[in-house]
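Here is the structure we will look at.
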Amino acid sequence: MTNALITGGAGFIGSHLAEVLLQRGAAVQIIDDLSTGSITNVEHLKGHPNFTYVLDTVMNRRLMMELVDRADEVYHLAAAVGVRLIVEEPVRTIETNIKATELVLELCAKKRKPVLLASTSEVFGKLDKPTFSEQDDLLLGPTSKARWCYAASKIIDEFLAQAYFKEKGLPTIVVRLFNTIGPRQTGQYGMVAPRLVRQALLGEPLTVYGDGSQRRSFTWVGDVVEALLALMQQPNAFGEVFNVGHHQEVSIHELAVLVRDLAGSSSEIVFIPYSEAYEVGFEDIGRRLPDLSKLQRLIGYKPSFELPEMIEQIIAYERRRLGR
């Protein structure tokens, strides 16, 4: 029986990953300090005989030594997440991302436990191309803008993972996750899809930051989980970086209209300046679409859901939560 350790396992993606691993016969350990995750995300897993959870920080070296020692493979998802959190708490963002990754890689290297590291499409920064490839140059804004500290910290994480692979022979995989959506995601930290869905169902104005012309691709969480699991089983994935996302894009204004229509809502769409939503001088990205050819070649990756299906699933989930 494979024993999988998931850091940040009570988070949105981590909880879905734990669920699927258990369904496939693995034993799953998670660790989460609940800073952005929620114990309710894994409440339904607590009774499973192969599921254990620890509510603590990944920075607890002694505890992490024990968890890594028992694991056959490690999925390192623990990180500061969400644009709002990043802007408001840059110290926490930098320390959480870099220090935790340093420790996880160090401990895994001692036992040669394979590690999959979740990075982000944010590392591409202000790059302006039709699609973003894993080999593209990265272009960040100035250090005076807190908005870029998340991308910078995850770039350091990626360098660390690559260094451990090259110098220490540690099997590492880096995945750059583009916007991932699905049930159990919260809009509390700036995630746009769950925020818009909740606003539509409550009859509140749908808040779109900036002019709404910024374009993104949205990926179903189940597809992301399948990609992570497939990569961990591929020896040719070790030492590599992979984009994980969707090939179709939509503007945030179009997303808001789609959410409103599918929810049957009469909410108005309100545009909020970035200076009010985040901070004065906040810089956003015009468009971000992944080149998925590398992932497709290795594991035959193909998204299973299109955006309207994803939004319908999220609406159904939020209706149950809200009792509507």
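Here, A, B, ... name the chains of the structure tokens in the order displayed, residue numbers run from 1 inside each chain, and ligands are numbered from 1 in the same displayed order.
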For this session: Would you list the contacts of Gly37 in chain A as an NGL selection string, taking every protein, DNA or RNA residue within 12 Å and counting only C-alpha atoms, but skipping same-chain residues closer than 5 positions in sequence?
Result: :A and (7-15 or 30-32 or 42 or 55-57 or 77-82 or 184-186 or 188-189)
Exercise. Using only C-alpha atoms, which residue out of A:Pro183, A:Thr52, A:Lys129, A:Arg70 lies closest to Tyr317 in chain A?
Worked result: A:Pro183
Neighbours of range 88-97 of chain A within 9 Å (only C-alpha atoms; same-chain residues fewer than 5 positions away dropped), as a short mmCIF file (atom, residue, chain, number, x, y, z; two decimals) with C-alpha atoms, in the first residue's frame?
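selection.cif was written with the following content:
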```
data_model
loop_
_atom_site.label_atom_id
_atom_site.label_comp_id
_atom_site.auth_asym_id
_atom_site.auth_seq_id
_atom_site.Cartn_x
_atom_site.Cartn_y
_atom_site.Cartn_z
CA VAL A 58 5.01 22.15 8.15
CA MET A 59 7.76 24.06 9.96
CA ALA A 78 1.26 23.88 1.58
CA ALA A 79 1.72 27.53 0.61
CA ALA A 80 0.36 31.01 1.05
CA VAL A 81 -2.42 31.33 -1.53
CA VAL A 83 -3.87 37.48 -4.25
CA GLU A 102 13.37 24.11 2.11
CA ALA A 146 4.08 43.22 -2.83
CA ARG A 147 2.03 41.56 -5.54
CA CYS A 149 6.53 38.43 -3.74
CA TYR A 150 4.39 35.32 -4.24
CA ALA A 152 9.31 35.35 -6.54
CA SER A 153 8.98 32.96 -3.60
CA LYS A 154 7.58 30.20 -5.82
CA ILE A 156 12.85 30.12 -5.45
CA ASP A 157 10.85 26.98 -4.59
CA TYR A 278 -6.01 45.35 -3.28
CA GLU A 279 -3.68 48.33 -3.10
#
```
Exercise. Which of range 8-234 of chain A counts as strand (DSSP E) under DSSP, as an NGL selection string please?
Worked result: :A and (27-32 or 51-55 or 73-76 or 115-120 or 172-177 or 180-181 or 206-209 or 215-216 or 219-220)
Problem set entry | Exercise: Ile181 in chain A partners within 8 Å, only C-alpha atoms, chain neighbours under 3 positions left out, as a PyMOL selection string | chain A and resi 185+193-194+218-221+310
Selection export as an mmCIF file, in the first residue's frame, atoms kept: C-alpha atoms:
```cif
data_model
loop_
_atom_site.group_PDB
_atom_site.id
_atom_site.type_symbol
_atom_site.label_atom_id
_atom_site.label_comp_id
_atom_site.auth_asym_id
_atom_site.auth_seq_id
_atom_site.Cartn_x
_atom_site.Cartn_y
_atom_site.Cartn_z
ATOM 1 C CA GLN A 185 -12.732 26.409 -2.888
ATOM 2 C CA ALA A 193 -14.875 31.885 -9.348
ATOM 3 C CA PRO A 194 -16.192 30.949 -5.879
ATOM 4 C CA PHE A 218 -9.894 27.774 -15.546
ATOM 5 C CA THR A 219 -9.205 24.120 -14.807
ATOM 6 C CA TRP A 220 -11.365 21.562 -13.018
ATOM 7 C CA VAL A 221 -9.792 20.410 -9.754
ATOM 8 C CA MET A 310 -17.362 23.575 -14.035
#
```
Exercise. Using the chain letters and numbers from this document, which residues of range 97-180 of chain A does DSSP assign to alpha helix (DSSP H), as a ChimeraX atom specification?
Worked result: /A:97-111,149-168
Those selected residues, please, written with C-alpha atoms and delivered as a compact mmCIF listing (two decimals), in the first residue's frame.
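Output (again13.txt):
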```
# COMPACT_ATOMS: atom_id res chain seq x y z
CA ASN A 97 6.58 29.37 0.76
CA ILE A 98 10.35 29.31 0.96
CA LYS A 99 11.05 27.99 4.46
CA ALA A 100 8.49 25.20 4.26
CA THR A 101 9.77 24.06 0.88
CA GLU A 102 13.37 24.11 2.11
CA LEU A 103 12.46 21.82 4.99
CA VAL A 104 10.35 19.41 2.94
CA LEU A 105 13.08 19.00 0.33
CA GLU A 106 15.80 18.60 2.94
CA LEU A 107 13.91 15.87 4.82
CA CYS A 108 12.83 14.05 1.66
CA ALA A 109 16.39 14.09 0.34
CA LYS A 110 17.63 12.25 3.44
CA LYS A 111 15.22 9.39 2.74
CA CYS A 149 6.53 38.43 -3.74
CA TYR A 150 4.39 35.32 -4.24
CA ALA A 151 5.76 34.69 -7.72
CA ALA A 152 9.31 35.35 -6.54
CA SER A 153 8.98 32.96 -3.60
CA LYS A 154 7.58 30.20 -5.82
CA ILE A 155 10.40 30.74 -8.31
CA ILE A 156 12.85 30.12 -5.45
CA ASP A 157 10.85 26.98 -4.59
CA GLU A 158 11.24 25.77 -8.18
CA PHE A 159 14.98 26.48 -8.15
CA LEU A 160 15.29 24.55 -4.89
CA ALA A 161 13.45 21.54 -6.30
CA GLN A 162 15.61 21.57 -9.43
CA ALA A 163 18.76 21.92 -7.36
CA TYR A 164 17.86 18.98 -5.13
CA PHE A 165 17.22 16.87 -8.21
CA LYS A 166 20.50 17.80 -9.91
CA GLU A 167 22.80 17.90 -6.88
CA LYS A 168 21.23 15.41 -4.46
```
Problem set entry | Shell around Ala230 in chain A at 10 Å using only C-alpha atoms, local window under 6 positions removed, as a ChimeraX atom specification | /A:224,237,298-301
Emit the selected residues as a PDB file, in the first residue's frame, including N, CA and C atoms.
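What landed in out_26.pdb:
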```
ATOM      1  N   VAL A 224      -6.792  18.431 -12.406  1.00  0.00           N
ATOM      2  CA  VAL A 224      -5.498  18.742 -11.787  1.00  0.00           C
ATOM      3  C   VAL A 224      -5.022  17.560 -10.947  1.00  0.00           C
ATOM      4  N   ALA A 237       9.141  12.188 -15.433  1.00  0.00           N
ATOM      5  CA  ALA A 237       8.690  13.493 -14.937  1.00  0.00           C
ATOM      6  C   ALA A 237       9.668  14.087 -13.937  1.00  0.00           C
ATOM      7  N   LEU A 298       3.624  13.588 -22.240  1.00  0.00           N
ATOM      8  CA  LEU A 298       4.068  12.623 -21.234  1.00  0.00           C
ATOM      9  C   LEU A 298       2.938  11.760 -20.693  1.00  0.00           C
ATOM     10  N   ILE A 299       1.786  12.366 -20.382  1.00  0.00           N
ATOM     11  CA  ILE A 299       0.719  11.589 -19.731  1.00  0.00           C
ATOM     12  C   ILE A 299      -0.594  11.591 -20.511  1.00  0.00           C
ATOM     13  N   GLY A 300      -0.599  12.179 -21.709  1.00  0.00           N
ATOM     14  CA  GLY A 300      -1.831  12.226 -22.491  1.00  0.00           C
ATOM     15  C   GLY A 300      -2.897  13.105 -21.868  1.00  0.00           C
ATOM     16  N   TYR A 301      -2.467  14.143 -21.191  1.00  0.00           N
ATOM     17  CA  TYR A 301      -3.391  15.023 -20.458  1.00  0.00           C
ATOM     18  C   TYR A 301      -4.399  15.687 -21.387  1.00  0.00           C
TER      19      TYR A 301
END
```
For this session: Measuring atom to atom with only C-alpha atoms, identify which of A:Leu117, A:Val74, A:Leu17, A:Val192 is nearest to Ala4 in chain A.
Result: A:Val74
Problem set entry | Distance in Å - CA of Pro235 in chain A versus CA of Pro114 in chain A | 10.1 Å
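Ranking A:Gly187, A:Gly141, A:Gly264, A:Pro130 by their shortest atom-to-atom distance to Glu283 in chain A, with only C-alpha atoms included, puts A:Gly141 first.
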For this session: Find the distance between CA of Glu66 in chain A and CA of Glu226 in chain A and write it in Å to one decimal.
Result: 27.2 Å
Problem set entry | Who sits within 10 Å of Glu318 in chain A, only C-alpha atoms, same chain under 2 positions skipped, as a ChimeraX atom specification | /A:183-185,194,197-198,201,312-316,320-324
For this session: Within 8 Å of range 265-269 of chain A, counting only C-alpha atoms, which residues show up once you throw out same-chain ones fewer than 4 positions away? Write them as a PyMOL selection string, please.
Result: chain A and resi 199-201+203-208+256-257+260-261
Restricting the output to N, CA and C atoms, write the selected residues as a PDB file, in the first residue's frame.
```pdb
ATOM      1  N   GLN A 199     -21.761  35.308  -4.666  1.00  0.00           N
ATOM      2  CA  GLN A 199     -22.447  36.600  -4.819  1.00  0.00           C
ATOM      3  C   GLN A 199     -23.714  36.441  -5.655  1.00  0.00           C
ATOM      4  N   ALA A 200     -23.628  35.652  -6.725  1.00  0.00           N
ATOM      5  CA  ALA A 200     -24.793  35.456  -7.596  1.00  0.00           C
ATOM      6  C   ALA A 200     -25.917  34.752  -6.843  1.00  0.00           C
ATOM      7  N   LEU A 201     -25.585  33.747  -6.061  1.00  0.00           N
ATOM      8  CA  LEU A 201     -26.605  32.985  -5.343  1.00  0.00           C
ATOM      9  C   LEU A 201     -27.231  33.789  -4.210  1.00  0.00           C
ATOM     10  N   GLY A 203     -27.655  37.013  -4.405  1.00  0.00           N
ATOM     11  CA  GLY A 203     -28.273  38.209  -4.976  1.00  0.00           C
ATOM     12  C   GLY A 203     -27.465  39.462  -4.749  1.00  0.00           C
ATOM     13  N   GLU A 204     -26.181  39.299  -4.467  1.00  0.00           N
ATOM     14  CA  GLU A 204     -25.301  40.446  -4.242  1.00  0.00           C
ATOM     15  C   GLU A 204     -24.663  40.877  -5.561  1.00  0.00           C
ATOM     16  N   PRO A 205     -24.161  42.118  -5.633  1.00  0.00           N
ATOM     17  CA  PRO A 205     -23.452  42.539  -6.846  1.00  0.00           C
ATOM     18  C   PRO A 205     -22.245  41.638  -7.116  1.00  0.00           C
ATOM     19  N   LEU A 206     -22.030  41.312  -8.383  1.00  0.00           N
ATOM     20  CA  LEU A 206     -20.871  40.518  -8.762  1.00  0.00           C
ATOM     21  C   LEU A 206     -19.693  41.465  -8.960  1.00  0.00           C
ATOM     22  N   THR A 207     -18.689  41.345  -8.122  1.00  0.00           N
ATOM     23  CA  THR A 207     -17.570  42.279  -8.142  1.00  0.00           C
ATOM     24  C   THR A 207     -16.471  41.783  -9.072  1.00  0.00           C
ATOM     25  N   VAL A 208     -16.175  42.603 -10.070  1.00  0.00           N
ATOM     26  CA  VAL A 208     -15.112  42.325 -11.028  1.00  0.00           C
ATOM     27  C   VAL A 208     -14.041  43.381 -10.827  1.00  0.00           C
ATOM     28  N   ALA A 256     -18.090  36.490 -15.226  1.00  0.00           N
ATOM     29  CA  ALA A 256     -19.149  37.008 -14.357  1.00  0.00           C
ATOM     30  C   ALA A 256     -20.519  36.868 -15.019  1.00  0.00           C
ATOM     31  N   VAL A 257     -20.596  37.162 -16.313  1.00  0.00           N
ATOM     32  CA  VAL A 257     -21.858  37.022 -17.046  1.00  0.00           C
ATOM     33  C   VAL A 257     -22.293  35.554 -17.065  1.00  0.00           C
ATOM     34  N   ARG A 260     -23.603  34.519 -13.629  1.00  0.00           N
ATOM     35  CA  ARG A 260     -24.927  35.109 -13.385  1.00  0.00           C
ATOM     36  C   ARG A 260     -26.009  34.368 -14.166  1.00  0.00           C
ATOM     37  N   ASP A 261     -25.723  34.049 -15.420  1.00  0.00           N
ATOM     38  CA  ASP A 261     -26.717  33.356 -16.239  1.00  0.00           C
ATOM     39  C   ASP A 261     -26.991  31.946 -15.721  1.00  0.00           C
TER      40      ASP A 261
END
```
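Nearest residue to Ser251 in chain A, choosing from A:Leu231, A:Val270, A:Val225, A:Ile285 and counting only C-alpha atoms: A:Ile285.
Here the question is which of A:Val175, A:Val250, A:Leu21, A:Leu229 gets nearest to Gly212 in chain A using only C-alpha atoms, and that residue is A:Val250.
Nearest residue to Gly25 in chain A among A:Thr120, A:Asn41, A:His48, A:Leu140 is A:His48, counting only C-alpha atoms.
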